[in-house]
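So this block is coords_33.pdb, PDB, C-alpha atoms, pLDDT in the B column:
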MODEL        1
ATOM      1  CA  MET A   1      52.117  73.346  47.218  1.00 74.00           C
ATOM      2  CA  GLU A   2      53.456  69.999  48.293  1.00 91.00           C
ATOM      3  CA  ILE A   3      51.631  67.430  50.399  1.00 96.00           C
ATOM      4  CA  GLN A   4      52.642  67.743  54.042  1.00 97.00           C
ATOM      5  CA  THR A   5      53.646  64.291  55.222  1.00 97.00           C
ATOM      6  CA  GLU A   6      54.509  65.211  58.790  1.00 98.00           C
ATOM      7  CA  ILE A   7      52.307  67.407  60.943  1.00 98.00           C
ATOM      8  CA  PRO A   8      53.551  67.074  64.535  1.00 98.00           C
ATOM      9  CA  LEU A   9      50.408  68.546  66.105  1.00 98.00           C
ATOM     10  CA  ILE A  10      48.235  65.871  64.479  1.00 98.00           C
ATOM     11  CA  ASP A  11      50.531  63.065  65.587  1.00 98.00           C
ATOM     12  CA  GLU A  12      50.750  64.489  69.113  1.00 98.00           C
ATOM     13  CA  ILE A  13      46.962  64.636  69.508  1.00 98.00           C
ATOM     14  CA  LEU A  14      46.323  61.229  67.959  1.00 98.00           C
ATOM     15  CA  ALA A  15      48.938  59.513  70.126  1.00 98.00           C
ATOM     16  CA  ASP A  16      46.527  59.827  73.077  1.00 97.00           C
ATOM     17  CA  TYR A  17      43.867  57.874  71.154  1.00 98.00           C
ATOM     18  CA  GLU A  18      45.928  55.148  69.472  1.00 98.00           C
ATOM     19  CA  ASP A  19      44.740  52.422  71.882  1.00 97.00           C
ATOM     20  CA  ILE A  20      41.093  53.465  71.581  1.00 96.00           C
ATOM     21  CA  LEU A  21      41.280  53.578  67.782  1.00 96.00           C
ATOM     22  CA  GLY A  22      43.029  50.209  67.594  1.00 95.00           C
ATOM     23  CA  ARG A  23      42.946  48.895  64.013  1.00 94.00           C
ATOM     24  CA  ALA A  24      41.265  52.126  62.908  1.00 94.00           C
ATOM     25  CA  PHE A  25      44.295  54.221  63.930  1.00 97.00           C
ATOM     26  CA  VAL A  26      46.137  54.219  60.588  1.00 97.00           C
ATOM     27  CA  PRO A  27      43.002  54.593  58.424  1.00 96.00           C
ATOM     28  CA  TYR A  28      41.742  57.464  60.605  1.00 97.00           C
ATOM     29  CA  ARG A  29      45.167  59.140  60.742  1.00 98.00           C
ATOM     30  CA  ASN A  30      45.417  58.926  56.959  1.00 98.00           C
ATOM     31  CA  HIS A  31      41.923  60.437  56.606  1.00 97.00           C
ATOM     32  CA  ILE A  32      42.975  63.312  58.876  1.00 98.00           C
ATOM     33  CA  TYR A  33      46.167  63.916  56.912  1.00 98.00           C
ATOM     34  CA  ARG A  34      44.305  63.863  53.592  1.00 98.00           C
ATOM     35  CA  MET A  35      41.713  66.310  54.942  1.00 98.00           C
ATOM     36  CA  ALA A  36      44.330  68.623  56.435  1.00 98.00           C
ATOM     37  CA  ASN A  37      46.237  68.642  53.153  1.00 98.00           C
ATOM     38  CA  PHE A  38      43.068  69.304  51.170  1.00 98.00           C
ATOM     39  CA  CYS A  39      42.400  72.321  53.417  1.00 98.00           C
ATOM     40  CA  LEU A  40      45.924  73.608  52.852  1.00 98.00           C
ATOM     41  CA  LEU A  41      45.688  73.065  49.105  1.00 98.00           C
ATOM     42  CA  LEU A  42      42.235  74.658  48.821  1.00 98.00           C
ATOM     43  CA  GLU A  43      43.379  77.713  50.798  1.00 97.00           C
ATOM     44  CA  PRO A  44      47.177  78.042  50.618  1.00 96.00           C
ATOM     45  CA  GLY A  45      47.333  81.458  52.348  1.00 96.00           C
ATOM     46  CA  LEU A  46      46.334  80.284  55.820  1.00 97.00           C
ATOM     47  CA  ASP A  47      48.233  81.664  58.789  1.00 98.00           C
ATOM     48  CA  ASP A  48      49.723  79.464  61.530  1.00 98.00           C
ATOM     49  CA  GLY A  49      46.731  79.854  63.850  1.00 98.00           C
ATOM     50  CA  GLN A  50      44.296  78.859  61.114  1.00 98.00           C
ATOM     51  CA  ARG A  51      46.426  75.856  60.229  1.00 98.00           C
ATOM     52  CA  GLN A  52      46.532  74.774  63.885  1.00 98.00           C
ATOM     53  CA  ARG A  53      42.743  75.102  64.192  1.00 98.00           C
ATOM     54  CA  ILE A  54      42.324  72.914  61.102  1.00 98.00           C
ATOM     55  CA  PHE A  55      44.718  70.287  62.479  1.00 98.00           C
ATOM     56  CA  ILE A  56      42.952  70.203  65.851  1.00 98.00           C
ATOM     57  CA  ALA A  57      39.470  70.017  64.334  1.00 98.00           C
ATOM     58  CA  ALA A  58      40.634  67.300  61.927  1.00 98.00           C
ATOM     59  CA  CYS A  59      41.918  65.138  64.783  1.00 98.00           C
ATOM     60  CA  PHE A  60      38.670  65.289  66.695  1.00 98.00           C
ATOM     61  CA  HIS A  61      36.034  65.577  63.950  1.00 97.00           C
ATOM     62  CA  ASP A  62      35.112  61.846  63.776  1.00 95.00           C
ATOM     63  CA  LEU A  63      36.788  60.618  66.956  1.00 97.00           C
ATOM     64  CA  GLY A  64      33.520  60.161  68.854  1.00 94.00           C
ATOM     65  CA  ILE A  65      32.795  57.139  66.654  1.00 91.00           C
ATOM     66  CA  TRP A  66      35.468  55.244  68.577  1.00 92.00           C
ATOM     67  CA  THR A  67      35.538  56.959  71.968  1.00 95.00           C
ATOM     68  CA  ASN A  68      31.771  56.695  72.422  1.00 89.00           C
ATOM     69  CA  ASN A  69      31.113  53.702  70.152  1.00 85.00           C
ATOM     70  CA  THR A  70      28.416  55.575  68.266  1.00 83.00           C
ATOM     71  CA  PHE A  71      27.624  56.775  64.774  1.00 70.00           C
ATOM     72  CA  ASP A  72      25.913  59.792  66.348  1.00 81.00           C
ATOM     73  CA  TYR A  73      29.387  61.104  67.030  1.00 87.00           C
ATOM     74  CA  LEU A  74      29.359  64.855  66.477  1.00 93.00           C
ATOM     75  CA  GLU A  75      28.524  65.857  70.038  1.00 96.00           C
ATOM     76  CA  PRO A  76      31.100  63.505  71.615  1.00 96.00           C
ATOM     77  CA  SER A  77      33.702  64.665  69.085  1.00 97.00           C
ATOM     78  CA  VAL A  78      33.007  68.322  69.911  1.00 98.00           C
ATOM     79  CA  ALA A  79      33.278  67.548  73.633  1.00 98.00           C
ATOM     80  CA  LEU A  80      36.699  65.937  73.132  1.00 98.00           C
ATOM     81  CA  ALA A  81      37.926  68.940  71.143  1.00 98.00           C
ATOM     82  CA  LYS A  82      36.645  71.419  73.732  1.00 98.00           C
ATOM     83  CA  GLU A  83      38.339  69.451  76.509  1.00 98.00           C
ATOM     84  CA  TYR A  84      41.611  69.514  74.569  1.00 98.00           C
ATOM     85  CA  LEU A  85      41.341  73.245  73.885  1.00 98.00           C
ATOM     86  CA  ALA A  86      40.623  74.012  77.553  1.00 98.00           C
ATOM     87  CA  LYS A  87      43.593  71.912  78.643  1.00 98.00           C
ATOM     88  CA  LYS A  88      45.863  73.771  76.191  1.00 98.00           C
ATOM     89  CA  GLY A  89      44.508  77.238  77.088  1.00 98.00           C
ATOM     90  CA  LEU A  90      43.027  77.701  73.607  1.00 98.00           C
ATOM     91  CA  ASP A  91      39.418  78.383  74.624  1.00 97.00           C
ATOM     92  CA  GLU A  92      39.220  81.325  72.193  1.00 97.00           C
ATOM     93  CA  TRP A  93      39.284  78.791  69.339  1.00 98.00           C
ATOM     94  CA  SER A  94      36.469  76.710  70.802  1.00 98.00           C
ATOM     95  CA  THR A  95      33.531  78.234  68.888  1.00 98.00           C
ATOM     96  CA  GLU A  96      35.149  77.927  65.476  1.00 98.00           C
ATOM     97  CA  ILE A  97      36.434  74.391  66.054  1.00 98.00           C
ATOM     98  CA  GLU A  98      33.046  73.323  67.426  1.00 98.00           C
ATOM     99  CA  LEU A  99      31.398  74.643  64.247  1.00 98.00           C
ATOM    100  CA  MET A 100      34.013  72.941  62.061  1.00 98.00           C
ATOM    101  CA  ILE A 101      33.282  69.593  63.678  1.00 98.00           C
ATOM    102  CA  ASP A 102      29.515  69.967  64.022  1.00 96.00           C
ATOM    103  CA  LEU A 103      28.974  71.150  60.440  1.00 96.00           C
ATOM    104  CA  HIS A 104      31.525  69.105  58.521  1.00 95.00           C
ATOM    105  CA  HIS A 105      28.724  66.960  57.037  1.00 92.00           C
ATOM    106  CA  LYS A 106      26.437  69.869  56.215  1.00 92.00           C
ATOM    107  CA  LEU A 107      24.955  69.375  52.774  1.00 87.00           C
ATOM    108  CA  ARG A 108      24.755  73.055  51.866  1.00 92.00           C
ATOM    109  CA  LYS A 109      27.497  75.660  51.679  1.00 96.00           C
ATOM    110  CA  ILE A 110      28.288  77.442  54.939  1.00 96.00           C
ATOM    111  CA  ASP A 111      28.463  81.198  54.535  1.00 95.00           C
ATOM    112  CA  ASP A 112      29.937  82.434  57.802  1.00 95.00           C
ATOM    113  CA  PRO A 113      32.336  85.371  57.316  1.00 95.00           C
ATOM    114  CA  ALA A 114      33.260  85.240  61.011  1.00 96.00           C
ATOM    115  CA  HIS A 115      34.383  81.603  60.685  1.00 97.00           C
ATOM    116  CA  PRO A 116      35.626  80.953  57.131  1.00 96.00           C
ATOM    117  CA  LEU A 117      37.455  77.779  58.150  1.00 98.00           C
ATOM    118  CA  VAL A 118      34.113  76.035  58.695  1.00 98.00           C
ATOM    119  CA  GLU A 119      33.303  75.930  54.966  1.00 98.00           C
ATOM    120  CA  LEU A 120      36.892  75.104  54.047  1.00 98.00           C
ATOM    121  CA  PHE A 121      36.853  72.173  56.479  1.00 98.00           C
ATOM    122  CA  ARG A 122      33.489  70.950  55.138  1.00 98.00           C
ATOM    123  CA  ARG A 123      34.848  70.998  51.594  1.00 98.00           C
ATOM    124  CA  ALA A 124      38.038  69.146  52.510  1.00 98.00           C
ATOM    125  CA  ASP A 125      36.079  66.396  54.247  1.00 97.00           C
ATOM    126  CA  LEU A 126      33.747  66.113  51.258  1.00 96.00           C
ATOM    127  CA  VAL A 127      36.706  65.739  48.894  1.00 98.00           C
ATOM    128  CA  ASP A 128      37.960  62.837  50.992  1.00 97.00           C
ATOM    129  CA  VAL A 129      34.618  61.183  51.730  1.00 93.00           C
ATOM    130  CA  SER A 130      33.731  61.321  48.020  1.00 94.00           C
ATOM    131  CA  LEU A 131      37.084  59.640  47.242  1.00 92.00           C
ATOM    132  CA  GLY A 132      37.996  62.708  45.222  1.00 95.00           C
ATOM    133  CA  LEU A 133      34.938  62.625  42.963  1.00 95.00           C
ATOM    134  CA  ILE A 134      34.102  66.073  44.340  1.00 96.00           C
ATOM    135  CA  LYS A 135      37.251  68.200  44.138  1.00 97.00           C
ATOM    136  CA  PHE A 136      36.113  71.832  44.296  1.00 96.00           C
ATOM    137  CA  SER A 137      39.156  73.713  42.961  1.00 95.00           C
ATOM    138  CA  LEU A 138      41.667  70.922  43.610  1.00 97.00           C
ATOM    139  CA  SER A 139      43.338  69.276  40.675  1.00 96.00           C
ATOM    140  CA  ALA A 140      42.894  65.563  40.149  1.00 97.00           C
ATOM    141  CA  GLU A 141      46.668  65.226  40.530  1.00 97.00           C
ATOM    142  CA  ALA A 142      46.624  66.907  43.956  1.00 97.00           C
ATOM    143  CA  VAL A 143      43.940  64.483  45.148  1.00 97.00           C
ATOM    144  CA  ARG A 144      45.890  61.520  43.736  1.00 97.00           C
ATOM    145  CA  ARG A 145      49.087  62.678  45.487  1.00 97.00           C
ATOM    146  CA  ALA A 146      47.324  62.917  48.851  1.00 98.00           C
ATOM    147  CA  LYS A 147      45.709  59.506  48.379  1.00 97.00           C
ATOM    148  CA  ARG A 148      49.041  57.988  47.349  1.00 97.00           C
ATOM    149  CA  GLU A 149      50.859  59.473  50.342  1.00 97.00           C
ATOM    150  CA  PHE A 150      48.072  58.561  52.790  1.00 98.00           C
ATOM    151  CA  PRO A 151      46.298  55.442  51.503  1.00 96.00           C
ATOM    152  CA  ASN A 152      42.712  54.747  52.397  1.00 90.00           C
ATOM    153  CA  SER A 153      43.686  51.619  54.362  1.00 83.00           C
ATOM    154  CA  GLY A 154      40.051  50.556  54.648  1.00 79.00           C
ATOM    155  CA  PHE A 155      38.694  53.848  56.014  1.00 77.00           C
ATOM    156  CA  HIS A 156      35.828  54.108  53.530  1.00 70.00           C
ATOM    157  CA  LYS A 157      34.950  50.411  53.872  1.00 78.00           C
ATOM    158  CA  ALA A 158      34.661  50.958  57.620  1.00 76.00           C
ATOM    159  CA  LEU A 159      32.354  53.930  57.005  1.00 72.00           C
ATOM    160  CA  VAL A 160      30.135  51.788  54.784  1.00 68.00           C
ATOM    161  CA  ARG A 161      29.998  49.051  57.465  1.00 73.00           C
ATOM    162  CA  LEU A 162      29.127  51.611  60.139  1.00 68.00           C
ATOM    163  CA  THR A 163      26.436  53.141  57.925  1.00 66.00           C
ATOM    164  CA  VAL A 164      24.827  49.752  57.268  1.00 68.00           C
ATOM    165  CA  ARG A 165      24.983  48.866  60.967  1.00 69.00           C
ATOM    166  CA  GLU A 166      23.422  52.211  61.892  1.00 64.00           C
ATOM    167  CA  PHE A 167      20.669  51.735  59.315  1.00 71.00           C
ATOM    168  CA  PHE A 168      19.617  48.498  61.003  1.00 67.00           C
ATOM    169  CA  ARG A 169      19.871  49.994  64.479  1.00 73.00           C
ATOM    170  CA  HIS A 170      18.083  53.261  63.632  1.00 68.00           C
ATOM    171  CA  PRO A 171      16.326  52.912  60.271  1.00 67.00           C
ATOM    172  CA  PHE A 172      14.574  56.284  60.598  1.00 65.00           C
ATOM    173  CA  LYS A 173      17.808  58.158  61.356  1.00 70.00           C
ATOM    174  CA  PRO A 174      20.671  56.159  59.826  1.00 57.00           C
ATOM    175  CA  LEU A 175      22.914  59.199  59.240  1.00 63.00           C
ATOM    176  CA  PRO A 176      22.602  61.305  62.402  1.00 61.00           C
ATOM    177  CA  MET A 177      25.660  63.387  61.523  1.00 66.00           C
ATOM    178  CA  ILE A 178      24.180  64.912  58.377  1.00 60.00           C
ATOM    179  CA  ARG A 179      23.157  68.556  58.677  1.00 63.00           C
ATOM    180  CA  TRP A 180      21.008  70.423  56.151  1.00 63.00           C
TER
ENDMDL
END

Have the structure of the file written as C-alpha coordinates, please.
Amino acid sequence: MEIQTEIPLIDEILADYEDILGRAFVPYRNHIYRMANFCLLLEPGLDDGQRQRIFIAACFHDLGIWTNNTFDYLEPSVALAKEYLAKKGLDEWSTEIELMIDLHHKLRKIDDPAHPLVELFRRADLVDVSLGLIKFSLSAEAVRRAKREFPNSGFHKALVRLTVREFFRHPFKPLPMIRW
(Lines of atoms letter the chains of each structure in order from A and count residues from 1; the text may use other names and numbers.)
(Lines give C-alpha, C1' and ligand atoms only; values in the text may rest on other atoms or scores of the structure.)
Protein backbone atom coordinates (compact mmCIF):
# COMPACT_ATOMS: atom_id res chain seq x y z
CA MET A 1 0.00 0.00 0.00
CA GLU A 2 1.23 3.44 -0.90
CA ILE A 3 1.54 6.39 1.46
CA GLN A 4 -1.51 8.64 1.18
CA THR A 5 -0.25 12.16 0.64
CA GLU A 6 -3.62 13.87 0.45
CA ILE A 7 -6.42 13.19 2.90
CA PRO A 8 -9.03 15.93 2.42
CA LEU A 9 -10.82 15.26 5.72
CA ILE A 10 -7.61 15.88 7.68
CA ASP A 11 -6.86 19.10 5.82
CA GLU A 12 -10.46 20.29 6.22
CA ILE A 13 -10.42 19.77 10.00
CA LEU A 14 -6.97 21.25 10.52
CA ALA A 15 -7.76 24.37 8.49
CA ASP A 16 -9.91 25.58 11.42
CA TYR A 17 -6.89 25.37 13.76
CA GLU A 18 -4.08 26.72 11.57
CA ASP A 19 -3.98 30.10 13.37
CA ILE A 20 -4.02 28.48 16.82
CA LEU A 21 -1.27 26.03 15.87
CA GLY A 22 0.87 28.76 14.32
CA ARG A 23 4.42 27.47 13.77
CA ALA A 24 3.33 24.04 15.00
CA PHE A 25 0.85 23.64 12.12
CA VAL A 26 3.15 21.85 9.65
CA PRO A 27 4.88 19.65 12.26
CA TYR A 28 1.51 18.64 13.76
CA ARG A 29 -0.07 18.06 10.34
CA ASN A 30 2.88 15.87 9.35
CA HIS A 31 2.55 13.90 12.61
CA ILE A 32 -1.15 13.35 11.86
CA TYR A 33 -0.43 12.21 8.31
CA ARG A 34 2.30 9.82 9.48
CA MET A 35 -0.02 8.38 12.13
CA ALA A 36 -2.94 8.03 9.73
CA ASN A 37 -0.71 6.28 7.21
CA PHE A 38 0.70 3.97 9.88
CA CYS A 39 -2.88 3.00 10.80
CA LEU A 40 -3.69 2.28 7.16
CA LEU A 41 -0.51 0.28 6.68
CA LEU A 42 -0.94 -1.70 9.91
CA GLU A 43 -4.55 -2.56 9.00
CA PRO A 44 -5.06 -2.26 5.23
CA GLY A 45 -8.60 -3.72 5.22
CA LEU A 46 -10.32 -0.81 6.96
CA ASP A 47 -13.66 0.36 5.61
CA ASP A 48 -14.44 4.01 4.83
CA GLY A 49 -16.10 4.66 8.19
CA GLN A 50 -13.13 3.26 10.09
CA ARG A 51 -10.74 5.34 8.01
CA GLN A 52 -12.79 8.48 8.70
CA ARG A 53 -12.80 7.77 12.44
CA ILE A 54 -9.01 7.39 12.37
CA PHE A 55 -8.60 10.66 10.46
CA ILE A 56 -10.87 12.55 12.86
CA ALA A 57 -9.22 11.12 15.98
CA ALA A 58 -5.77 11.86 14.52
CA CYS A 59 -6.65 15.52 13.96
CA PHE A 60 -7.81 16.05 17.51
CA HIS A 61 -5.65 13.63 19.53
CA ASP A 62 -2.97 16.18 20.61
CA LEU A 63 -4.74 19.41 19.68
CA GLY A 64 -5.50 20.38 23.28
CA ILE A 65 -1.80 21.15 23.73
CA TRP A 66 -2.30 24.26 21.62
CA THR A 67 -5.97 25.12 22.12
CA ASN A 68 -5.71 24.95 25.91
CA ASN A 69 -1.98 25.66 26.28
CA THR A 70 -1.49 22.58 28.43
CA PHE A 71 0.43 19.33 28.44
CA ASP A 72 -2.52 17.75 30.25
CA TYR A 73 -4.28 17.80 26.91
CA LEU A 74 -6.31 14.61 26.60
CA GLU A 75 -9.54 15.96 28.07
CA PRO A 76 -9.48 19.18 26.00
CA SER A 77 -8.63 17.16 22.88
CA VAL A 78 -11.56 14.80 23.51
CA ALA A 79 -13.87 17.78 24.03
CA LEU A 80 -12.83 19.28 20.68
CA ALA A 81 -13.44 15.97 18.91
CA LYS A 82 -16.85 15.51 20.53
CA GLU A 83 -17.84 19.05 19.54
CA TYR A 84 -16.80 18.35 15.95
CA LEU A 85 -18.69 15.05 15.86
CA ALA A 86 -21.86 16.66 17.24
CA LYS A 87 -21.64 19.46 14.68
CA LYS A 88 -21.27 16.90 11.86
CA GLY A 89 -24.05 14.61 13.16
CA LEU A 90 -21.58 11.81 13.89
CA ASP A 91 -22.38 11.30 17.58
CA GLU A 92 -22.46 7.51 17.11
CA TRP A 93 -18.68 7.63 16.63
CA SER A 94 -18.10 9.64 19.80
CA THR A 95 -17.33 6.76 22.20
CA GLU A 96 -14.75 5.12 19.96
CA ILE A 97 -13.02 8.38 19.03
CA GLU A 98 -12.97 9.46 22.68
CA LEU A 99 -11.27 6.17 23.58
CA MET A 100 -8.81 6.53 20.69
CA ILE A 101 -7.75 9.95 21.92
CA ASP A 102 -7.83 9.23 25.65
CA LEU A 103 -5.86 5.98 25.40
CA HIS A 104 -3.38 6.75 22.64
CA HIS A 105 -0.55 6.94 25.22
CA LYS A 106 -1.57 3.83 27.12
CA LEU A 107 1.49 1.77 27.91
CA ARG A 108 -0.21 -1.62 27.71
CA LYS A 109 -2.08 -3.23 24.83
CA ILE A 110 -5.77 -2.37 24.60
CA ASP A 111 -7.94 -5.43 24.13
CA ASP A 112 -11.36 -4.04 23.26
CA PRO A 113 -13.19 -6.15 20.64
CA ALA A 114 -15.97 -3.55 20.48
CA HIS A 115 -13.48 -0.82 19.54
CA PRO A 116 -10.53 -2.36 17.65
CA LEU A 117 -9.43 1.00 16.25
CA VAL A 118 -8.32 2.08 19.74
CA GLU A 119 -5.37 -0.34 19.79
CA LEU A 120 -4.55 0.33 16.15
CA PHE A 121 -4.45 4.07 16.84
CA ARG A 122 -2.27 3.56 19.94
CA ARG A 123 0.20 1.52 17.90
CA ALA A 124 0.37 4.06 15.08
CA ASP A 125 1.08 6.89 17.50
CA LEU A 126 3.77 4.81 19.20
CA VAL A 127 5.45 4.11 15.86
CA ASP A 128 5.63 7.85 15.23
CA VAL A 129 6.54 8.98 18.74
CA SER A 130 9.32 6.38 18.86
CA LEU A 131 10.63 7.74 15.53
CA GLY A 132 10.03 4.31 14.05
CA LEU A 133 12.12 2.41 16.60
CA ILE A 134 8.93 0.53 17.48
CA LYS A 135 7.34 -0.66 14.24
CA PHE A 136 4.98 -3.50 15.16
CA SER A 137 4.41 -5.23 11.81
CA LEU A 138 5.46 -2.27 9.65
CA SER A 139 8.55 -2.60 7.53
CA ALA A 140 11.42 -0.20 8.08
CA GLU A 141 10.93 0.95 4.48
CA ALA A 142 7.27 1.84 5.11
CA VAL A 143 8.26 3.96 8.11
CA ARG A 144 11.03 5.64 6.10
CA ARG A 145 8.60 6.43 3.25
CA ALA A 146 6.13 8.07 5.63
CA LYS A 147 8.89 10.06 7.32
CA ARG A 148 10.28 11.14 3.95
CA GLU A 149 6.86 12.23 2.68
CA PHE A 150 5.94 13.98 5.95
CA PRO A 151 9.14 15.21 7.61
CA ASN A 152 9.33 15.67 11.34
CA SER A 153 9.79 19.45 10.96
CA GLY A 154 10.68 19.80 14.64
CA PHE A 155 7.66 17.94 16.04
CA HIS A 156 9.67 15.67 18.33
CA LYS A 157 11.93 18.52 19.48
CA ALA A 158 8.80 20.43 20.48
CA LEU A 159 7.58 17.40 22.44
CA VAL A 160 10.89 17.22 24.29
CA ARG A 161 10.68 20.96 25.12
CA LEU A 162 7.11 20.56 26.35
CA THR A 163 8.07 17.54 28.45
CA VAL A 164 10.96 19.40 30.10
CA ARG A 165 8.75 22.44 30.74
CA GLU A 166 6.04 20.22 32.25
CA PHE A 167 8.60 18.47 34.46
CA PHE A 168 9.56 21.80 36.01
CA ARG A 169 5.96 22.91 36.37
CA HIS A 170 4.66 19.60 37.75
CA PRO A 171 7.60 17.43 38.82
CA PHE A 172 5.35 14.78 40.40
CA LYS A 173 3.20 14.41 37.28
CA PRO A 174 5.32 15.46 34.29
CA LEU A 175 3.53 13.18 31.80
CA PRO A 176 -0.18 13.54 32.61
CA MET A 177 -1.23 11.94 29.32
CA ILE A 178 0.30 8.54 30.05
CA ARG A 179 -2.19 5.80 30.89
CA TRP A 180 -1.28 2.42 32.38

**Q.** Shell around Ile134 in chain A at 12 Å using only C-alpha atoms, local window under 3 positions removed, as a PyMOL selection string
**A.** chain A and resi 38+122-131+137-140+143

Q: Tell me, as a list of chain:residue names, which residues lie within 8 Å of Val78 in chain A, counting only C-alpha atoms; anything in the same chain fewer than 6 positions away does not count.
A: A:Phe60, A:His61, A:Ile97, A:Glu98, A:Ile101, A:Asp102

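Every protein or nucleic acid residue with an atom no more than 7 Å from Leu99 in chain A, counting only C-alpha atoms and leaving out same-chain residues fewer than 4 positions away, appears here: Thr95, Leu103 and Val118 of chain A.
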
Q. Expressed in Å to a single decimal, how great is the separation between CA of Tyr73 in chain A and CA of Asp19 in chain A?
A. 18.3 Å

Q. Which residue, A:Phe121, A:Tyr17, A:Phe150, A:Tyr84, has the smallest gap to Glu96 in chain A when you use all atoms listed in the file?
A. A:Phe121

(Q) For the PyMOL selection byres ((chain A and resi 152) around 10), applied here, can you spell out every residue it catches as a PyMOL selection string? (A) chain A and resi 26-31+34+128+131+147-151+153-157

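Run against this file, the PyMOL selection byres ((chain A and resi 67) around 9) gives back Tyr17, Ile20, Leu21, Leu63, Gly64, Ile65, Trp66, Asn68, Asn69, Thr70, Tyr73, Pro76 and Ser77 of chain A.
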
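With only C-alpha atoms as the atoms that count, the minimum distance from Leu117 in chain A to the choices A:Arg23, A:Leu133, A:His104, A:Thr5 is reached by A:His104.
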
Q: To one decimal in Å, tell me the separation between CA of Pro8 in chain A and CA of Phe55 in chain A.
A: 9.6 Å

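The gap separating CA of Ile56 in chain A from CA of Lys88 in chain A is 11.3 Å, in Å to one decimal.
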
Q: Pick out the closest residue to Leu85 in chain A from this set: A:Ile32, A:Met100, A:Ala142, A:Ala57. Count all atoms listed in the file.
A: A:Ala57

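Closest approach to Trp93 in chain A among A:Arg53, A:Lys173, A:Arg161, A:Arg144: A:Arg53, based on all atoms listed in the file.
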
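If all atoms listed in the file are the atoms counted, then among A:Cys39, A:Ala158, A:Leu80, A:Ile110 the closest residue to Asp16 in chain A is A:Leu80.
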